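Notes follow once the structure below has been shown.
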Amino acid sequence: MNYAQAACQALAEAMRADARVVALGEDVGTGGVFGQYRGLQQEFGAARVIDTPISEATIMGAAVGMALTGLRPVVEMRVVDFALCAIDEIVNQAAKNRYMFGGQGRVPLVARLPIGIWSGSAAQHSQSLEAWFAHIPGLVVVAPATPQDNYSLLTAAIACGDPVVYMEHKELWGMQGEVAAPSSAALGQARVARAGSDMTLVTWSRMLHTALAAAEQAAQQGLSVEVIDLRTIWPWDRELVLESAARTRRLLVAHESVQAAGFGAEIAATAAEELGIPVKRVGGARIPVGYARALEDAARISAPQLLQEIKLFANGADRRRSMA
Amino acid sequence: MNYAQAACQALAEAMRADARVVALGEDVGTGGVFGQYRGLQQEFGAARVIDTPISEATIMGAAVGMALTGLRPVVEMRVVDFALCAIDEIVNQAAKNRYMFGGQGRVPLVARLPIGIWSGSAAQHSQSLEAWFAHIPGLVVVAPATPQDNYSLLTAAIACGDPVVYMEHKELWGMQGEVAAPSSAALGQARVARAGSDMTLVTWSRMLHTALAAAEQAAQQGLSVEVIDLRTIWPWDRELVLESAARTRRLLVAHESVQAAGFGAEIAATAAEELGIPVKRVGGARIPVGYARALEDAARISAPQLLQEIKLFANGADRRRSMA
Amino acid sequence: MQASTPAANASHGEHLLSLYRTMARIRAFENAAEEASRGSVAAFGATSDAAALVRGPLHLSTGQEAVAAGVCANLARSDYLTSTHRGHGHTLAKGADTTAMMCELFGRAAGSNKGKGGSMHIADFGVGMLGANGVVAAGIPIAVGAAHSAKIRGSRAIVACFFGDGAINRGPFLEGLNWAKIFELPVLFVCEDNRYSATTATDAMTAGEGAAARARGIGLPAETVDGNDVLAVDAAARELVARIRAGGGPQFLHALTYRVKGHVSVDAAAYRDQGEVEQALESDPLKLAGQRLAALGIAAGRIAAADAEARAEIEAAVAAAHAARPPEPAEAYADIQDTGAGQWR
Amino acid sequence: MQASTPAANASHGEHLLSLYRTMARIRAFENAAEEASRGSVAAFGATSDAAALVRGPLHLSTGQEAVAAGVCANLARSDYLTSTHRGHGHTLAKGADTTAMMCELFGRAAGSNKGKGGSMHIADFGVGMLGANGVVAAGIPIAVGAAHSAKIRGSRAIVACFFGDGAINRGPFLEGLNWAKIFELPVLFVCEDNRYSATTATDAMTAGEGAAARARGIGLPAETVDGNDVLAVDAAARELVARIRAGGGPQFLHALTYRVKGHVSVDAAAYRDQGEVEQALESDPLKLAGQRLAALGIAAGRIAAADAEARAEIEAAVAAAHAARPPEPAEAYADIQDTGAGQWR
Ligand SMILES: Cc1ncc(C[n+]2csc(CCOP(=O)(O)OP(=O)(O)O)c2C)c(N)n1
Ligand SMILES: Cc1ncc(C[n+]2csc(CCOP(=O)(O)OP(=O)(O)O)c2C)c(N)n1
Ligand SMILES: [Mg+2]
Ligand SMILES: [Mg+2]
């Protein structure tokens, strides 16, 4: 089963089990442009799998109104980049509702905002903004890296009673993998994707696969890297990460999103505050994603690059300054 | 001269010197609801100090079109919270334009997006989102803390050829201070607001004044705190901050914005990476800002609270874990 | 809509008196809130006074009571309502408790929002009032979603969606009306046109013939009404609500009124002509309704009693709000989100 | 608009031939781009092929050439234009160099955007073409700002603003038209209605009578035209542009056409009826114009020559793009922002 199908299955099961679950967004009726809604309108009808106009602000705002009045909407935004047309609705309306109205209502919606560089799509279709939503009180932020997790975590997100920003990766739709149902993944739980002892490498989303490849290479070169898939960006699994980092005494965070003010800073800063151990981040350059392959590649982090950083860091020969 | 008047003066001088400078936004013709445009429409006319409909997306998008075709617009958004209705225009259109079109055009606009808790205004009028914009390639981010800097930095921002997110503070408009013109502050330059030797405290915007008060108290208790006003959030003055931190061997960052994924994480993570010194952040709780004073106060950081954190940090008795 | 027989006149008079009561209660509420808000916020040249009882920007609906009263008289408690930053009148008319409302303005734990929202976010979900909103036009998509939800759930609830004349220049106006029409949703859109958007006269910012013409351009039936004439608002709303309940899809009401006060309570509105205000006060909705009541044979004493009762109710609400306790600081960390609640660092 | 004397016919024919040439060049460009884009992107069930020469989503304007050609024939080089994700035709018709365009699609340093934008961001500021846009309706406010700027600067430039039928349901449509009208700006809004929004038939998503009715509801004069008839588009645009140049403020053109290809080049458009496509192909704009040219007495050989020249031009552009070098990786760090450029960590 691929990553798109896994999400589709999770949504179908949720819709079968609970009549309050509906899906809305552009092109969902024809199955979604990535096949992530395939067959759902046929099974559940156009009243529950709702094709909408190109009206991102109202798609998200209407979902808030639906959620407040007894439905559990799953909101399709195609890519996080288009959700920038619905930011007031996510940040001012969905996230703050429960608090601002003193708990009178809840907003159980799942907003699907896929992140990542989408090959050949350039600057306006290639952003990863998980750090933005982690900064906003009231939002849960999830970023699944595998078909299994896309199944399990979407199931958990739909069950969550508060707004979840659910960030699939634009280049993982076709990824194949085993999916065991029913699932047990809970929001807020990271996963040790590979055990190791010399260094803790925290990552999420598509970068997990890059990290696993780099860790494999590192192992062959005698360096044991523990890879943690964060899975939920907020609330992040501080216990698991800090326990691992306290053991390995080195924390590296790698993410595809721009490094500057990225969520890696939160993790690195926390580890430095709490453990006082060496920390390091490998994140995207602060550049828009260019179209030509050479430019796009400059915005990506490859496994060899990551391996190189891992080795420098392990040797204490990273860019730490001499004045230290 | 107060903080609002200082900005007004900077804008008036820029408009006198350069016919390409225009201002646009809601209620600018009547002087702005905080007096930050007072007298400008009288002096420069309604064609250059442009009252607009309540159309944030189009205010910002039109400014992009103006900037591309020979004007230098200063865009009024009243508070950053309303600019959430114009995020596509800031992030996808203004910030990426120069790059995406291969340098064919430039977007010399200044977007005024005041941050901060605005007393009694609750969750939708009290956000500080400087970290968001620091995360976006193509944007310069500025946050002046004093009338002098509001004069100098607004002058510099208008002179900058690329989009500047200019973040005044919602509660500083009435702050009085000396303003010497012409000014010399350049974008990207931090300022040592108080010299010290035991610890470096980096801050910006209204929190500067809290930090100075806390540092004064700390001094009386024998602790010498160097306070740095960052002033420009991106590009931030790494040299000044790291030089200071390398000297004091302790870095504390304090900001009013939510601590989780706030810009303090970037600074703390960088210092930990580069210097390996103890770092610590004091930022806003990850809660929406509540209306009642007790709730609002829970979202603020007071000078006594900050002093307490300074002392714990100086003694190494902060919340660093035992397992470290 | 004037009734002609004495019996009809009498029943008409009683109906108008009930509308008048609602208006009088709103007026009293606004006057009390205004009184408690001196120095509430630093803006419009005013400085903020830490001692203000009602803090922050306070948007009064004084002079606009007929719109709230006339529309809400046609709603059931199970119907929904969304509002704007200027939402006290709508909330009260929808049936909210004035003590809980005043406690909210005073930032008390007993407030309708537990002190978390204040004036700009006044709400009472218990009577279907889904919230005032600090963002212009942001209530429109929420209203549309509530109506869509009612349709999906097979509920008979309809939604009244209030917004100002300034809101028709924001994108969600177009998007929301289009959405409501293509899905034929049960929404009554009410443009409460008080001629101002903050310090700006809205007219110069609005192209074309205005709210109703735009609604028609998107395919919605639209009516324009004198928004200071509570009977006219009531009659128009009754007709439109009936059409909605009969499955006629979304309807649009453009109600013409006037913002008697400044944009917020500390705004002296020096940017507009005093003559304009005085002229507008001639058609004050309470004054108009009072004259009409007299004409319909309602005794002056009953009108005065309605005023007195309204004032007494609000005085009691103010006293209760004075006496009520503020929320505990710990309350600041509650009701954020369940997964991650308490994880606020 | 049929001329009646032989001389008038001949001059009419020459004019149509020049419009035909533009259309033929667009058609040849789209065909070549489509050819080079096989496997360009993972979507619509297609998988991405790393070897694709033109990468990412490619939106073709095949079959819609008459709108671009007819409108742009009435613009000067100094006028501005904003476009959509489906912008090749507009860009070419505005006067951009096809080699620079094709180099951009191939991701070459010699591309109009130095390889940084690709198809979705095709632009040529040198001819006033201010950019295609990856966000639906996002070009509208930018166009309005460019027109506002022209007015402020006292320039005589006008702006043509293209968008699709799907864009009229997004907020910026309302906001932008309102803005253009209150400031009486020199903008020609062109709704290029190809009946689809990605995989969705737009009609069911659009309330009321559509684009022109909405524009009128906001106070703009609006015309609807057969967008496959290049002479009709040209005539309508000529009239509207003349009004704009005469200070008549913003004007609106609703051009009815059809999206012959899928939403992107890898989309087989299985969601629609093949009969509908075949019927639409009957009124292919090049076919229609060819018939008209013959009727106006233009020799078949001249039409064939126009086709051949167009193909030759584009073949040369493709060859140049093949031969051109990609940007250096270091170029990824240039043209971001001046203050802070190079500070990309
Ligand atoms: C999106 C947004 N822009 C600007 C503001 C600031 N603001 C608050 S109320 C207001 C005027 C609204 O005018 P109108 O819709 O007519 O409502 P009224 O205040 O007259 O009731 C403005 C501009 C806001 N709250 N939200
Ligand atoms: C704001 C936004 N929402 C969604 C998309 C995805 N998308 C790209 S093109 C398109 C359809 C646009 O339809 P229309 O405006 O009619 O233009 P056409 O593709 O037919 O030329 C959609 C939904 C987008 N690019 N931007
Ligand atoms: Mg108004
Ligand atoms: Mg279309």
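Residue numbering restarts at 1 in every chain; chains get A, B, ... in the order shown in the structure tokens, and ligands count up from 1 in that same order.
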
- [ ] Pull the strand (DSSP E) assignments for region 171-264 of chain C out of DSSP run on the backbone, and list those residues as a PyMOL selection string.
- [x] chain C and resi 187-193+196-197+200-201+222-226+251-256

Open item on the list: List the spatial neighbours of region 326-330 of chain C as a VMD selection string - criterion: any atom at most 9 Å away, only C-alpha atoms, same-chain residues fewer than 2 positions off excluded.
Closed with: (chain B and resid 292 to 298) or (chain C and resid 106 to 110 114 to 116 324 332 to 334)

Open item on the list: Need the shell around Tyr258 (chain C): protein/DNA/RNA residues with any atom at most 12 Å away, counting only C-alpha atoms. Skip same-chain ones fewer than 3 positions apart. Format as number ranges by chain?
Closed with: C: 60-67, 164-165, 192-197, 201-202, 226-229, 255, 261-263, 276-285

Selection export as a PDB file, in the first residue's frame, atoms kept: C-alpha atoms:
ATOM      1  CA  LEU C  60     -20.367  49.910  20.927  1.00  0.00           C
ATOM      2  CA  SER C  61     -23.500  49.187  18.924  1.00  0.00           C
ATOM      3  CA  THR C  62     -25.351  52.166  20.370  1.00  0.00           C
ATOM      4  CA  GLY C  63     -27.832  53.422  17.765  1.00  0.00           C
ATOM      5  CA  GLN C  64     -27.777  50.143  15.854  1.00  0.00           C
ATOM      6  CA  GLU C  65     -30.061  48.222  18.213  1.00  0.00           C
ATOM      7  CA  ALA C  66     -32.873  47.799  15.715  1.00  0.00           C
ATOM      8  CA  VAL C  67     -30.838  45.528  13.470  1.00  0.00           C
ATOM      9  CA  GLY C 164     -20.378  45.485   8.785  1.00  0.00           C
ATOM     10  CA  ASP C 165     -20.335  47.612   5.660  1.00  0.00           C
ATOM     11  CA  GLU C 192     -25.221  46.079   9.226  1.00  0.00           C
ATOM     12  CA  ASP C 193     -24.315  49.245   7.398  1.00  0.00           C
ATOM     13  CA  ASN C 194     -23.393  52.007   9.837  1.00  0.00           C
ATOM     14  CA  ARG C 195     -21.564  53.987   7.128  1.00  0.00           C
ATOM     15  CA  TYR C 196     -18.135  53.813   8.786  1.00  0.00           C
ATOM     16  CA  SER C 197     -15.170  51.489   8.830  1.00  0.00           C
ATOM     17  CA  ALA C 201     -16.404  56.638   5.512  1.00  0.00           C
ATOM     18  CA  THR C 202     -17.086  53.322   3.811  1.00  0.00           C
ATOM     19  CA  ASP C 226     -34.127  50.999   7.039  1.00  0.00           C
ATOM     20  CA  GLY C 227     -32.042  49.515   9.814  1.00  0.00           C
ATOM     21  CA  ASN C 228     -33.234  52.053  12.368  1.00  0.00           C
ATOM     22  CA  ASP C 229     -36.852  51.005  11.926  1.00  0.00           C
ATOM     23  CA  ALA C 255     -29.734  47.196   6.870  1.00  0.00           C
ATOM     24  CA  LYS C 261     -20.349  56.487  18.766  1.00  0.00           C
ATOM     25  CA  GLY C 262     -16.696  56.487  17.763  1.00  0.00           C
ATOM     26  CA  HIS C 263     -15.131  53.345  16.361  1.00  0.00           C
ATOM     27  CA  GLU C 276     -24.081  64.393  10.497  1.00  0.00           C
ATOM     28  CA  VAL C 277     -24.236  62.751  13.912  1.00  0.00           C
ATOM     29  CA  GLU C 278     -26.959  65.061  15.114  1.00  0.00           C
ATOM     30  CA  GLN C 279     -29.001  64.388  12.036  1.00  0.00           C
ATOM     31  CA  ALA C 280     -28.557  60.672  12.518  1.00  0.00           C
ATOM     32  CA  LEU C 281     -29.718  60.942  16.107  1.00  0.00           C
ATOM     33  CA  GLU C 282     -33.078  62.194  14.827  1.00  0.00           C
ATOM     34  CA  SER C 283     -33.766  58.698  13.605  1.00  0.00           C
ATOM     35  CA  ASP C 284     -32.500  56.934  16.679  1.00  0.00           C
ATOM     36  CA  PRO C 285     -34.151  53.504  16.652  1.00  0.00           C
TER      37      PRO C 285
END

- [ ] Enumerate the residues of region 154-286 of chain A with a DSSP assignment of alpha helix (DSSP H), computed from the backbone, and present them as an NGL selection string.
- [x] :A and (154-159 or 207-220 or 238-248 or 263-275)

Could those residues be written to a file, using N, CA and C atoms, as a CSV table (one decimal), in the first residue's frame?
chain,number,residue,atom,x,y,z
A,154,LEU,N,-3.1,9.6,10.8
A,154,LEU,CA,-4.3,10.3,10.3
A,154,LEU,C,-5.5,9.8,11.1
A,155,THR,N,-5.5,8.5,11.4
A,155,THR,CA,-6.5,8.0,12.3
A,155,THR,C,-6.5,8.7,13.7
A,156,ALA,N,-5.4,8.9,14.2
A,156,ALA,CA,-5.3,9.6,15.5
A,156,ALA,C,-5.7,11.0,15.4
A,157,ALA,N,-5.3,11.7,14.3
A,157,ALA,CA,-5.6,13.1,14.1
A,157,ALA,C,-7.1,13.3,14.0
A,158,ILE,N,-7.8,12.4,13.3
A,158,ILE,CA,-9.2,12.6,13.2
A,158,ILE,C,-9.9,12.4,14.6
A,159,ALA,N,-9.3,11.5,15.4
A,159,ALA,CA,-9.9,11.3,16.7
A,159,ALA,C,-9.6,12.4,17.7
A,207,MET,N,12.8,13.4,5.3
A,207,MET,CA,14.2,13.4,5.7
A,207,MET,C,14.5,12.2,6.5
A,208,LEU,N,13.5,11.5,7.1
A,208,LEU,CA,13.8,10.3,7.8
A,208,LEU,C,14.5,9.3,6.9
A,209,HIS,N,14.1,9.2,5.7
A,209,HIS,CA,14.7,8.2,4.8
A,209,HIS,C,16.1,8.6,4.4
A,210,THR,N,16.3,9.8,4.3
A,210,THR,CA,17.7,10.3,4.0
A,210,THR,C,18.6,10.0,5.3
A,211,ALA,N,18.0,10.2,6.4
A,211,ALA,CA,18.7,10.0,7.7
A,211,ALA,C,19.0,8.5,7.9
A,212,LEU,N,18.1,7.7,7.5
A,212,LEU,CA,18.3,6.2,7.7
A,212,LEU,C,19.4,5.8,6.7
A,213,ALA,N,19.4,6.3,5.5
A,213,ALA,CA,20.5,6.0,4.6
A,213,ALA,C,21.8,6.5,5.0
A,214,ALA,N,21.9,7.7,5.6
A,214,ALA,CA,23.2,8.2,6.1
A,214,ALA,C,23.6,7.4,7.3
A,215,ALA,N,22.7,7.0,8.1
A,215,ALA,CA,23.1,6.3,9.3
A,215,ALA,C,23.6,4.9,9.0
A,216,GLU,N,23.0,4.3,7.9
A,216,GLU,CA,23.5,3.0,7.5
A,216,GLU,C,25.0,3.1,7.0
A,217,GLN,N,25.2,4.2,6.2
A,217,GLN,CA,26.6,4.4,5.8
A,217,GLN,C,27.5,4.7,6.9
A,218,ALA,N,27.1,5.5,7.9
A,218,ALA,CA,27.9,5.8,9.1
A,218,ALA,C,28.2,4.5,9.8
A,219,ALA,N,27.2,3.6,9.9
A,219,ALA,CA,27.5,2.4,10.7
A,219,ALA,C,28.6,1.6,10.0
A,220,GLN,N,28.6,1.6,8.7
A,220,GLN,CA,29.6,0.9,8.0
A,220,GLN,C,31.0,1.5,8.2
A,238,ARG,N,9.6,15.2,24.0
A,238,ARG,CA,10.8,15.6,24.7
A,238,ARG,C,11.5,14.4,25.4
A,239,GLU,N,10.6,13.6,26.1
A,239,GLU,CA,11.2,12.6,26.9
A,239,GLU,C,12.1,11.6,26.1
A,240,LEU,N,11.5,11.1,25.0
A,240,LEU,CA,12.2,10.2,24.2
A,240,LEU,C,13.5,10.8,23.6
A,241,VAL,N,13.4,12.0,23.1
A,241,VAL,CA,14.6,12.7,22.5
A,241,VAL,C,15.6,13.0,23.6
A,242,LEU,N,15.2,13.5,24.7
A,242,LEU,CA,16.2,13.9,25.7
A,242,LEU,C,16.8,12.6,26.4
A,243,GLU,N,16.0,11.6,26.5
A,243,GLU,CA,16.6,10.4,27.1
A,243,GLU,C,17.7,9.8,26.1
A,244,SER,N,17.4,9.8,24.8
A,244,SER,CA,18.4,9.3,23.9
A,244,SER,C,19.6,10.2,23.8
A,245,ALA,N,19.4,11.5,23.8
A,245,ALA,CA,20.5,12.4,23.7
A,245,ALA,C,21.4,12.4,25.0
A,246,ALA,N,20.7,12.2,26.1
A,246,ALA,CA,21.5,12.1,27.3
A,246,ALA,C,22.4,10.9,27.3
A,247,ARG,N,22.0,9.9,26.6
A,247,ARG,CA,22.7,8.6,26.5
A,247,ARG,C,23.9,8.8,25.5
A,248,THR,N,23.5,9.3,24.3
A,248,THR,CA,24.6,9.4,23.2
A,248,THR,C,25.5,10.6,23.4
A,263,PHE,N,12.1,24.2,13.1
A,263,PHE,CA,11.8,23.6,14.3
A,263,PHE,C,13.1,22.9,14.9
A,264,GLY,N,14.0,22.6,14.1
A,264,GLY,CA,15.3,22.1,14.7
A,264,GLY,C,15.9,23.0,15.7
A,265,ALA,N,15.7,24.2,15.6
A,265,ALA,CA,16.2,25.2,16.6
A,265,ALA,C,15.6,24.9,17.9
A,266,GLU,N,14.3,24.6,17.9
A,266,GLU,CA,13.6,24.4,19.2
A,266,GLU,C,14.2,23.1,19.9
A,267,ILE,N,14.5,22.1,19.1
A,267,ILE,CA,15.0,20.9,19.7
A,267,ILE,C,16.4,21.0,20.1
A,268,ALA,N,17.2,21.7,19.3
A,268,ALA,CA,18.6,21.9,19.6
A,268,ALA,C,18.7,22.8,20.9
A,269,ALA,N,18.0,23.8,20.9
A,269,ALA,CA,18.0,24.7,22.0
A,269,ALA,C,17.6,24.0,23.3
A,270,THR,N,16.6,23.2,23.2
A,270,THR,CA,16.1,22.5,24.4
A,270,THR,C,17.2,21.5,24.9
A,271,ALA,N,17.8,20.8,24.0
A,271,ALA,CA,18.8,19.9,24.4
A,271,ALA,C,20.0,20.6,25.0
A,272,ALA,N,20.4,21.7,24.4
A,272,ALA,CA,21.5,22.5,25.0
A,272,ALA,C,21.1,23.0,26.4
A,273,GLU,N,19.9,23.5,26.5
A,273,GLU,CA,19.4,24.0,27.8
A,273,GLU,C,19.4,22.9,28.9
A,274,GLU,N,18.8,21.8,28.5
A,274,GLU,CA,18.5,20.7,29.5
A,274,GLU,C,19.7,19.8,29.7
A,275,LEU,N,20.5,19.6,28.7
A,275,LEU,CA,21.6,18.6,28.9
A,275,LEU,C,23.0,19.2,28.8

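Look at Glu34 (chain C): the protein and nucleic acid residues within 9 Å of it, using only C-alpha atoms and passing over chain neighbours fewer than 2 places away, are Phe29, Glu30, Asn31, Ala32, Ala36, Ser37, Arg38, Val54, Leu58, His59, Leu60, Ser265 and Val266 of chain C.
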
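For chain B, the residues having at least one atom no farther than 7 Å from chain C, when counting only C-alpha atoms, are Asp27, Thr30, Val33, Phe34, Gly35, Thr52, Pro53, Ile54, Ser55, Phe82, Ser119, Gly120, Ser121, Ala122, Gln124, Gln259, Ala260, Ala285, Arg286, Ile287, Gly290, Tyr291, Ala292, Ala294, Leu295 and Ala298 of chain B.
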
Open item on the list: Could you work out which residues of chain D fall inside 9 Å of chain C? Count only C-alpha atoms, and format the result as an NGL selection string.
Closed with: :D and (168-175 or 177-183 or 204-220)

Open item on the list: To one decimal place in Å, what is the distance between CA of Asp162 (chain B) and CA of Gly70 (chain B)?
Closed with: 12.8 Å

Please produce, as a Markdown table, a per-residue contact table for chain A versus ligand 1 (criterion: any atom at most 12 Å away, only C-alpha atoms and all ligand atoms considered), showing the nearest atom pair and its distance in Å to one decimal, sorted by chain then residue number.
| residue | atom | partner | partner_atom_place_in_ligand_line | distance |
| --- | --- | --- | --- | --- |
| A:Ile87 | CA | ligand 1 | 1 (C) | 11.6 |
| A:Asp88 | CA | ligand 1 | 1 (C) | 8.6 |
| A:Glu89 | CA | ligand 1 | 1 (C) | 11.0 |
| A:Asn92 | CA | ligand 1 | 1 (C) | 10.6 |

Could you name the residues that touch Gly196 (chain B) at 6 Å or less, counting only C-alpha atoms, but leaving out those on the same chain fewer than 2 positions away, as a short mmCIF file (atom, residue, chain, number, x, y, z; two decimals) with all heavy atoms, in the first residue's frame?
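The resulting file, selection.cif, is shown below:
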data_model
loop_
_atom_site.label_atom_id
_atom_site.label_comp_id
_atom_site.auth_asym_id
_atom_site.auth_seq_id
_atom_site.Cartn_x
_atom_site.Cartn_y
_atom_site.Cartn_z
N SER B 224 26.54 41.03 36.65
CA SER B 224 26.72 41.97 35.56
C SER B 224 26.19 41.38 34.25
O SER B 224 26.79 40.45 33.70
CB SER B 224 28.22 42.30 35.46
OG SER B 224 28.47 43.00 34.27
N VAL B 225 25.08 41.91 33.80
CA VAL B 225 24.42 41.35 32.61
C VAL B 225 24.61 42.28 31.42
O VAL B 225 24.30 43.47 31.49
CB VAL B 225 22.91 41.14 32.88
CG1 VAL B 225 22.21 40.60 31.65
CG2 VAL B 225 22.71 40.21 34.07
N GLU B 226 25.12 41.75 30.32
CA GLU B 226 25.22 42.52 29.08
C GLU B 226 23.91 42.35 28.31
O GLU B 226 23.52 41.22 28.02
CB GLU B 226 26.41 42.03 28.26
CG GLU B 226 26.56 42.73 26.92
CD GLU B 226 28.03 42.90 26.53
OE1 GLU B 226 28.84 43.33 27.39
OE2 GLU B 226 28.36 42.58 25.37
#

Task: Non-local contacts of Ala150 (chain C) (10 Å; only C-alpha atoms; under 3 positions in same chain excluded) as a PyMOL selection string - done: (chain A and resi 66+69-71) or (chain C and resi 79-80+144-147+153-159+185-186)

Task: Point-to-point distance from CA of Arg300 (chain A) to CA of Glu256 (chain A), Å rounded to tenths - done: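 Distance between the two atoms: 6.6 Å.
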
Task: Distance criterion (only C-alpha atoms and all ligand atoms): nearest to ligand 2 out of A:Gly65, A:Asp18, A:Ser184, A:Glu76 - done: A:Glu76

TODO: Counting only C-alpha atoms, figure out which residue out of B:Gln221, B:Asn97, B:Ser152, B:Ser302 gets nearest to chain A.
DONE: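 Once distances to chain A are computed over only C-alpha atoms, the minimum belongs to B:Asn97.
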